[in-house]
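start-v6.pdb (PDB, C-alpha atoms)
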ATOM      1  CA  MET A  29       0.000   0.000   0.000  1.00  0.00           C
ATOM      2  CA  MET A  30       1.417   3.366  -1.044  1.00  0.00           C
ATOM      3  CA  ALA A  31       1.555   6.270   1.364  1.00  0.00           C
ATOM      4  CA  PRO A  32      -0.544   9.260   0.347  1.00  0.00           C
ATOM      5  CA  SER A  33       1.505  11.800  -1.525  1.00  0.00           C
ATOM      6  CA  GLN A  34       2.133  15.041   0.261  1.00  0.00           C
ATOM      7  CA  THR A  35       2.614  18.210  -1.687  1.00  0.00           C
ATOM      8  CA  ARG A  36       5.270  20.559  -0.460  1.00  0.00           C
ATOM      9  CA  PRO A  37       4.065  24.096   0.277  1.00  0.00           C
ATOM     10  CA  ARG A  38       5.065  26.583  -2.404  1.00  0.00           C
ATOM     11  CA  THR A  39       6.446  30.005  -1.550  1.00  0.00           C
ATOM     12  CA  LEU A  40       7.162  32.831  -3.964  1.00  0.00           C
ATOM     13  CA  VAL A  41       9.613  35.520  -2.906  1.00  0.00           C
ATOM     14  CA  ALA A  42       9.151  38.463  -5.266  1.00  0.00           C
ATOM     15  CA  GLY A  43      11.405  41.496  -5.465  1.00  0.00           C
ATOM     16  CA  ALA A  44       9.483  44.586  -6.550  1.00  0.00           C
ATOM     17  CA  GLY A  45      10.678  48.064  -7.452  1.00  0.00           C
ATOM     18  CA  ASN A  46      12.154  50.343 -10.043  1.00  0.00           C
ATOM     19  CA  ILE A  47      15.960  50.206 -10.241  1.00  0.00           C
ATOM     20  CA  PHE A  48      15.972  53.621 -11.931  1.00  0.00           C
ATOM     21  CA  LEU A  49      14.546  55.310  -8.807  1.00  0.00           C
ATOM     22  CA  GLY A  50      17.323  54.866  -6.240  1.00  0.00           C
ATOM     23  CA  ASP A  51      16.202  52.947  -3.176  1.00  0.00           C
ATOM     24  CA  ASP A  52      12.997  51.843  -4.894  1.00  0.00           C
ATOM     25  CA  GLY A  53      15.258  49.130  -6.347  1.00  0.00           C
ATOM     26  CA  PHE A  54      15.721  47.538  -2.892  1.00  0.00           C
ATOM     27  CA  GLY A  55      13.367  44.619  -3.604  1.00  0.00           C
ATOM     28  CA  VAL A  56      15.012  43.821  -6.923  1.00  0.00           C
ATOM     29  CA  GLU A  57      18.513  43.875  -5.396  1.00  0.00           C
ATOM     30  CA  ALA A  58      17.485  41.768  -2.393  1.00  0.00           C
ATOM     31  CA  ALA A  59      15.823  39.213  -4.720  1.00  0.00           C
ATOM     32  CA  ARG A  60      18.965  39.084  -6.876  1.00  0.00           C
ATOM     33  CA  VAL A  61      21.109  38.272  -3.829  1.00  0.00           C
ATOM     34  CA  LEU A  62      18.517  35.874  -2.412  1.00  0.00           C
ATOM     35  CA  ALA A  63      18.346  33.929  -5.685  1.00  0.00           C
ATOM     36  CA  ARG A  64      21.972  32.871  -5.115  1.00  0.00           C
ATOM     37  CA  GLN A  65      21.203  31.433  -1.661  1.00  0.00           C
ATOM     38  CA  ASP A  66      20.500  27.817  -0.791  1.00  0.00           C
ATOM     39  CA  LEU A  67      16.763  27.951  -0.060  1.00  0.00           C
ATOM     40  CA  PRO A  68      14.382  25.199   1.058  1.00  0.00           C
ATOM     41  CA  ALA A  69      12.617  23.147  -1.611  1.00  0.00           C
ATOM     42  CA  GLY A  70       9.400  24.780  -2.722  1.00  0.00           C
ATOM     43  CA  VAL A  71      10.756  28.336  -2.475  1.00  0.00           C
ATOM     44  CA  GLU A  72      11.055  30.312  -5.709  1.00  0.00           C
ATOM     45  CA  VAL A  73      12.612  33.762  -6.086  1.00  0.00           C
ATOM     46  CA  ALA A  74      11.511  36.176  -8.809  1.00  0.00           C
ATOM     47  CA  ASP A  75      12.648  39.657  -9.767  1.00  0.00           C
ATOM     48  CA  ILE A  76       9.368  41.233 -10.810  1.00  0.00           C
ATOM     49  CA  GLY A  77      10.655  44.785 -10.837  1.00  0.00           C
ATOM     50  CA  ILE A  78       7.830  46.969 -12.117  1.00  0.00           C
ATOM     51  CA  ARG A  79       5.867  44.155 -13.770  1.00  0.00           C
ATOM     52  CA  GLY A  80       3.069  43.993 -11.192  1.00  0.00           C
ATOM     53  CA  VAL A  81       0.480  42.476 -13.513  1.00  0.00           C
ATOM     54  CA  HIS A  82       2.892  39.624 -14.249  1.00  0.00           C
ATOM     55  CA  LEU A  83       3.183  38.966 -10.505  1.00  0.00           C
ATOM     56  CA  ALA A  84      -0.600  38.771 -10.149  1.00  0.00           C
ATOM     57  CA  TYR A  85      -0.827  36.246 -12.987  1.00  0.00           C
ATOM     58  CA  GLN A  86       2.133  34.211 -11.681  1.00  0.00           C
ATOM     59  CA  LEU A  87       0.407  33.915  -8.311  1.00  0.00           C
ATOM     60  CA  LEU A  88      -2.517  32.182 -10.028  1.00  0.00           C
ATOM     61  CA  ASP A  89      -0.190  29.168 -10.393  1.00  0.00           C
ATOM     62  CA  GLY A  90      -0.867  28.232  -6.769  1.00  0.00           C
ATOM     63  CA  TYR A  91       1.471  29.493  -4.072  1.00  0.00           C
ATOM     64  CA  ASP A  92       0.783  29.021  -0.382  1.00  0.00           C
ATOM     65  CA  THR A  93       2.849  32.036   0.672  1.00  0.00           C
ATOM     66  CA  LEU A  94       3.997  35.253  -0.985  1.00  0.00           C
ATOM     67  CA  VAL A  95       6.927  37.174   0.467  1.00  0.00           C
ATOM     68  CA  LEU A  96       7.163  40.538  -1.229  1.00  0.00           C
ATOM     69  CA  LEU A  97      10.428  42.503  -1.035  1.00  0.00           C
ATOM     70  CA  ASP A  98       9.907  46.226  -1.565  1.00  0.00           C
ATOM     71  CA  ALA A  99      10.928  49.712  -0.479  1.00  0.00           C
ATOM     72  CA  THR A 100       8.461  50.671   2.246  1.00  0.00           C
ATOM     73  CA  ALA A 101       8.281  54.228   3.576  1.00  0.00           C
ATOM     74  CA  ARG A 102       6.959  54.096   7.138  1.00  0.00           C
ATOM     75  CA  GLY A 103       8.848  56.992   8.703  1.00  0.00           C
ATOM     76  CA  GLY A 104      11.807  55.098  10.172  1.00  0.00           C
ATOM     77  CA  GLU A 105      15.494  55.626   9.604  1.00  0.00           C
ATOM     78  CA  PRO A 106      16.705  54.754   6.089  1.00  0.00           C
ATOM     79  CA  GLY A 107      17.712  51.101   6.040  1.00  0.00           C
ATOM     80  CA  THR A 108      15.170  50.027   8.671  1.00  0.00           C
ATOM     81  CA  LEU A 109      13.610  46.681   7.768  1.00  0.00           C
ATOM     82  CA  TYR A 110       9.949  45.893   8.367  1.00  0.00           C
ATOM     83  CA  VAL A 111       8.080  42.611   8.308  1.00  0.00           C
ATOM     84  CA  ILE A 112       4.417  43.221   7.622  1.00  0.00           C
ATOM     85  CA  ASP A 113       1.797  40.513   7.700  1.00  0.00           C
ATOM     86  CA  ALA A 114      -0.405  41.806   4.873  1.00  0.00           C
ATOM     87  CA  ALA A 115      -4.176  41.547   5.041  1.00  0.00           C
ATOM     88  CA  GLY A 116      -5.701  38.247   4.030  1.00  0.00           C
ATOM     89  CA  PRO A 117      -7.310  37.612   0.656  1.00  0.00           C
ATOM     90  CA  GLY A 118     -10.643  39.384   0.231  1.00  0.00           C
ATOM     91  CA  SER A 119      -9.909  42.052   2.843  1.00  0.00           C
ATOM     92  CA  ARG A 120      -7.980  44.362   0.539  1.00  0.00           C
ATOM     93  CA  GLN A 121      -9.323  47.321  -1.388  1.00  0.00           C
ATOM     94  CA  PRO A 122     -11.105  46.234  -4.593  1.00  0.00           C
ATOM     95  CA  ALA A 123      -9.215  46.702  -7.850  1.00  0.00           C
ATOM     96  CA  GLU A 124     -11.860  49.097  -9.194  1.00  0.00           C
ATOM     97  CA  GLY A 125     -10.260  52.099 -10.834  1.00  0.00           C
ATOM     98  CA  VAL A 126      -6.802  50.493 -10.835  1.00  0.00           C
ATOM     99  CA  PRO A 127      -5.352  50.966 -14.306  1.00  0.00           C
ATOM    100  CA  LEU A 128      -3.951  47.769 -15.791  1.00  0.00           C
ATOM    101  CA  ASP A 129      -0.612  49.357 -16.528  1.00  0.00           C
ATOM    102  CA  GLY A 130       1.831  46.493 -16.135  1.00  0.00           C
ATOM    103  CA  HIS A 131       4.624  48.924 -15.281  1.00  0.00           C
ATOM    104  CA  ARG A 132       2.955  51.227 -12.744  1.00  0.00           C
ATOM    105  CA  MET A 133       1.060  49.102 -10.276  1.00  0.00           C
ATOM    106  CA  SER A 134       1.871  49.307  -6.583  1.00  0.00           C
ATOM    107  CA  PRO A 135       2.004  46.056  -4.583  1.00  0.00           C
ATOM    108  CA  ASP A 136      -1.367  46.983  -2.996  1.00  0.00           C
ATOM    109  CA  ALA A 137      -2.912  47.296  -6.462  1.00  0.00           C
ATOM    110  CA  VAL A 138      -1.359  43.970  -7.524  1.00  0.00           C
ATOM    111  CA  LEU A 139      -2.841  42.180  -4.503  1.00  0.00           C
ATOM    112  CA  ALA A 140      -6.258  43.753  -5.119  1.00  0.00           C
ATOM    113  CA  LEU A 141      -6.061  42.667  -8.764  1.00  0.00           C
ATOM    114  CA  LEU A 142      -5.086  39.167  -7.624  1.00  0.00           C
ATOM    115  CA  ASP A 143      -8.266  38.910  -5.550  1.00  0.00           C
ATOM    116  CA  SER A 144     -10.314  39.885  -8.629  1.00  0.00           C
ATOM    117  CA  LEU A 145      -8.453  37.429 -10.867  1.00  0.00           C
ATOM    118  CA  CYS A 146      -8.930  34.602  -8.375  1.00  0.00           C
ATOM    119  CA  ALA A 147     -12.638  35.360  -8.074  1.00  0.00           C
ATOM    120  CA  GLY A 148     -12.938  35.237 -11.874  1.00  0.00           C
ATOM    121  CA  THR A 149     -10.847  32.117 -12.455  1.00  0.00           C
ATOM    122  CA  GLY A 150     -11.532  30.038  -9.363  1.00  0.00           C
ATOM    123  CA  ALA A 151      -7.836  30.056  -8.462  1.00  0.00           C
ATOM    124  CA  THR A 152      -6.764  30.338  -4.838  1.00  0.00           C
ATOM    125  CA  PRO A 153      -4.584  33.274  -3.781  1.00  0.00           C
ATOM    126  CA  PRO A 154      -1.701  32.698  -1.360  1.00  0.00           C
ATOM    127  CA  GLY A 155      -2.948  31.996   2.148  1.00  0.00           C
ATOM    128  CA  ARG A 156      -0.230  34.219   3.623  1.00  0.00           C
ATOM    129  CA  THR A 157       1.311  37.406   2.281  1.00  0.00           C
ATOM    130  CA  LEU A 158       4.298  38.920   4.046  1.00  0.00           C
ATOM    131  CA  VAL A 159       6.057  42.108   3.032  1.00  0.00           C
ATOM    132  CA  VAL A 160       9.717  42.577   3.899  1.00  0.00           C
ATOM    133  CA  GLY A 161      10.160  46.276   3.393  1.00  0.00           C
ATOM    134  CA  CYS A 162      13.088  48.614   3.722  1.00  0.00           C
ATOM    135  CA  GLU A 163      12.820  52.300   4.621  1.00  0.00           C
ATOM    136  CA  PRO A 164      14.246  54.212   1.638  1.00  0.00           C
ATOM    137  CA  ALA A 165      16.537  57.231   1.913  1.00  0.00           C
ATOM    138  CA  THR A 166      15.689  58.434  -1.583  1.00  0.00           C
ATOM    139  CA  VAL A 167      13.484  57.386  -4.461  1.00  0.00           C
ATOM    140  CA  GLU A 168      14.688  60.109  -6.783  1.00  0.00           C
ATOM    141  CA  GLU A 169      15.760  59.307 -10.326  1.00  0.00           C
ATOM    142  CA  GLY A 170      19.097  57.502 -10.346  1.00  0.00           C
ATOM    143  CA  ILE A 171      20.554  54.021 -10.368  1.00  0.00           C
ATOM    144  CA  GLY A 172      21.919  52.457  -7.193  1.00  0.00           C
ATOM    145  CA  LEU A 173      20.906  52.093  -3.581  1.00  0.00           C
ATOM    146  CA  SER A 174      21.836  54.619  -0.910  1.00  0.00           C
ATOM    147  CA  PRO A 175      24.482  53.392   1.591  1.00  0.00           C
ATOM    148  CA  PRO A 176      22.011  52.602   4.424  1.00  0.00           C
ATOM    149  CA  VAL A 177      19.662  50.683   2.125  1.00  0.00           C
ATOM    150  CA  ALA A 178      22.526  48.802   0.437  1.00  0.00           C
ATOM    151  CA  ALA A 179      23.814  47.852   3.902  1.00  0.00           C
ATOM    152  CA  ALA A 180      20.355  46.488   4.813  1.00  0.00           C
ATOM    153  CA  VAL A 181      20.235  44.020   1.880  1.00  0.00           C
ATOM    154  CA  PRO A 182      22.250  41.225   3.588  1.00  0.00           C
ATOM    155  CA  GLU A 183      20.052  41.470   6.701  1.00  0.00           C
ATOM    156  CA  ALA A 184      16.929  41.389   4.508  1.00  0.00           C
ATOM    157  CA  VAL A 185      18.217  38.234   2.792  1.00  0.00           C
ATOM    158  CA  ARG A 186      18.867  36.618   6.186  1.00  0.00           C
ATOM    159  CA  LEU A 187      15.411  37.666   7.383  1.00  0.00           C
ATOM    160  CA  VAL A 188      13.631  36.277   4.311  1.00  0.00           C
ATOM    161  CA  THR A 189      15.559  33.009   4.590  1.00  0.00           C
ATOM    162  CA  GLU A 190      14.422  32.748   8.206  1.00  0.00           C
ATOM    163  CA  LEU A 191      10.811  33.578   7.296  1.00  0.00           C
ATOM    164  CA  VAL A 192      10.514  31.024   4.479  1.00  0.00           C
ATOM    165  CA  THR A 193      12.132  28.325   6.599  1.00  0.00           C
ATOM    166  CA  GLU A 194       9.727  29.028   9.463  1.00  0.00           C
ATOM    167  CA  GLN A 195       6.753  29.189   7.097  1.00  0.00           C
ATOM    168  CA  LEU A 196       7.583  25.790   5.614  1.00  0.00           C
ATOM    169  CA  HIS A 197       7.805  24.317   9.105  1.00  0.00           C
ATOM    170  CA  GLY A 198       4.485  25.846  10.148  1.00  0.00           C
ATOM    171  CA  GLU A 199       5.997  28.117  12.790  1.00  0.00           C
ATOM    172  CA  ALA A 200       4.716  31.600  13.604  1.00  0.00           C
ATOM    173  CA  VAL A 201       6.583  34.183  11.578  1.00  0.00           C
ATOM    174  CA  VAL A 202       5.246  37.430  13.021  1.00  0.00           C
ATOM    175  CA  GLY A 203       4.324  38.193  16.620  1.00  0.00           C
ATOM    176  CA  ASP A 204       1.104  39.670  17.965  1.00  0.00           C
ATOM    177  CA  GLY A 205       1.581  43.034  16.240  1.00  0.00           C
ATOM    178  CA  PRO A 206       0.963  43.738  12.558  1.00  0.00           C
ATOM    179  CA  ALA A 207       4.615  44.460  11.870  1.00  0.00           C
ATOM    180  CA  ARG A 208       8.077  43.727  13.167  1.00  0.00           C
ATOM    181  CA  THR A 209      10.561  46.548  12.773  1.00  0.00           C
ATOM    182  CA  THR A 210      14.287  45.988  12.512  1.00  0.00           C
ATOM    183  CA  PRO A 211      16.579  48.945  13.234  1.00  0.00           C
ATOM    184  CA  PRO A 212      19.113  49.564  10.484  1.00  0.00           C
ATOM    185  CA  HIS A 213      22.244  47.401  10.667  1.00  0.00           C
ATOM    186  CA  ARG A 214      21.100  45.505  13.760  1.00  0.00           C
ATOM    187  CA  PRO A 215      19.885  41.912  13.955  1.00  0.00           C
ATOM    188  CA  SER A 216      16.122  41.525  13.781  1.00  0.00           C
ATOM    189  CA  ARG A 217      14.216  40.898  16.954  1.00  0.00           C
ATOM    190  CA  ARG A 218      11.086  38.822  17.358  1.00  0.00           C
ATOM    191  CA  ALA A 219       7.976  40.661  18.388  1.00  0.00           C
ATOM    192  CA  PRO A 220       6.789  39.493  21.820  1.00  0.00           C
TER     193      PRO A 220
END
As a first step, turn the structure in this file into structure tokens.
Amino acid sequence: MMAPSQTRPRTLVAGAGNIFLGDDGFGVEAARVLARQDLPAGVEVADIGIRGVHLAYQLLDGYDTLVLLDATARGGEPGTLYVIDAAGPGSRQPAEGVPLDGHRMSPDAVLALLDSLCAGTGATPPGRTLVVGCEPATVEEGIGLSPPVAAAVPEAVRLVTELVTEQLHGEAVVGDGPARTTPPHRPSRRAP
């Protein structure tokens, strides 16, 4: 008698951002570095850059978890890392009025579009969406990350590796609060 087959959970780590707008390229750079790491089976890394519509369609392929890497302005010091447990499917703003410009969609708009696409196709969106964000110093026109954001990339890679490993083992990845903040250049701390 054969044992029932178990499917391994699938996780997509997607780096978002525009490399031509300074620190907005954080997600793309972190994904590039992360793609060279030894990650658990079932974890895929994609540089989506500014192709938000492509991300929404890729997620229709059936991922259990999405980890989105992106520049995230929340008022902290440049280089501060945040882990945000994004709202669950169906609780986001509807995609009404969101232009389907594949090069100018924010991650919020992509996730709202994903909910609409899933409703229309019968696909299931990821059960968990985490955002690993980095406080930008500048998002002005120019190529290259500012020194504090560039210095945060290795810590972001370590943090994402920890998150996907914990997610695959069914462990809690974020504490009681909606976000975990990591001061720049310091190891991350677990929320109580």
Pick from A:Gly90, A:Gly170, A:Gly80, A:Gly103 nearest to Ala140 (chain A), counting all atoms listed in the file: A:Gly80
Residues matched by the PyMOL selection byres ((chain A and resi 63) around 12), written as an MDAnalysis selection string: chainID A and resid 40:43 55:62 64:68 71:75 185 188:189
Interatomic distance, CA of Asn46 (chain A) to CA of Thr152 (chain A) (Å, one decimal): 28.0 Å
Which residues come within 8 Å of Leu142 (chain A), counting all atoms listed in the file, excluding same-chain residues fewer than 5 positions away, as a PDB file with C-alpha atoms, in the coordinates of the input?
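Now in part-v7.pdb:
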ATOM      1  CA  ALA A  84      -0.600  38.771 -10.149  1.00  0.00           C
ATOM      2  CA  TYR A  85      -0.827  36.246 -12.987  1.00  0.00           C
ATOM      3  CA  LEU A  87       0.407  33.915  -8.311  1.00  0.00           C
ATOM      4  CA  LEU A  88      -2.517  32.182 -10.028  1.00  0.00           C
ATOM      5  CA  PRO A 153      -4.584  33.274  -3.781  1.00  0.00           C
TER       6      PRO A 153
END
All residues 9 Å or closer to Ala69 (chain A), all atoms listed in the file, same chain fewer than 6 positions away omitted, as JSON, numbers by chain: {"A": [36, 37, 38]}
Residues as selected, C-alpha atoms, written as a PDB file, in the coordinates of the input, can you do that?
ATOM      1  CA  ARG A  36       5.270  20.559  -0.460  1.00  0.00           C
ATOM      2  CA  PRO A  37       4.065  24.096   0.277  1.00  0.00           C
ATOM      3  CA  ARG A  38       5.065  26.583  -2.404  1.00  0.00           C
TER       4      ARG A  38
END
Coordinates-based distance that separates CA of Pro175 (chain A) from CA of Ala114 (chain A) (Å, one decimal): 27.6 Å
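Minimum atom-to-atom distance to Ala178 (chain A), evaluated using all atoms listed in the file, belongs to A:Thr108 out of A:Thr39, A:Thr193, A:Ser144, A:Thr108.
Between CA of Thr100 (chain A) and CA of Ala179 (chain A) lies a distance of 15.7 Å.
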Counting only C-alpha atoms, which residues of region 31-58 of chain A fall within 8 Å of region 162-168 of chain A, and what is the closest atom pair for each with its distance in Å at one decimal, ordered by chain and rising number, as a Markdown table?
| residue | atom | partner | partner_atom | distance |
| --- | --- | --- | --- | --- |
| A:Leu49 | CA | A:Val167 | CA | 4.9 |
| A:Gly50 | CA | A:Val167 | CA | 4.9 |
| A:Asp51 | CA | A:Pro164 | CA | 5.3 |
| A:Asp52 | CA | A:Val167 | CA | 5.6 |
| A:Phe54 | CA | A:Cys162 | CA | 7.2 |
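Proximity of A:Ala101, A:Leu83, A:Pro106, A:Leu145 to Leu173 (chain A), computed with only C-alpha atoms, is greatest for A:Pro106.
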For region 147-162 of chain A, what centre and edge lengths in Å (one decimal) does the axis-aligned box get once 8 Å is added on each side of all its listed atoms, as AutoDock Vina command-line options?
--center_x 0.1 --center_y 39.3 --center_z -4.2 --size_x 42.0 --size_y 34.6 --size_z 32.5
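All protein and nucleic acid residues in the vicinity of (4.6, 40.6, 2.4), that is within 7 Å when counting only C-alpha atoms, are Leu94, Val95, Leu96, Ile112, Asp113, Ala114, Thr157, Leu158, Val159 and Val160 of chain A.
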Resolved residues for the PyMOL selection byres ((chain A and resi 98) around 6) as number ranges by chain: A: 44, 55, 97, 99, 161
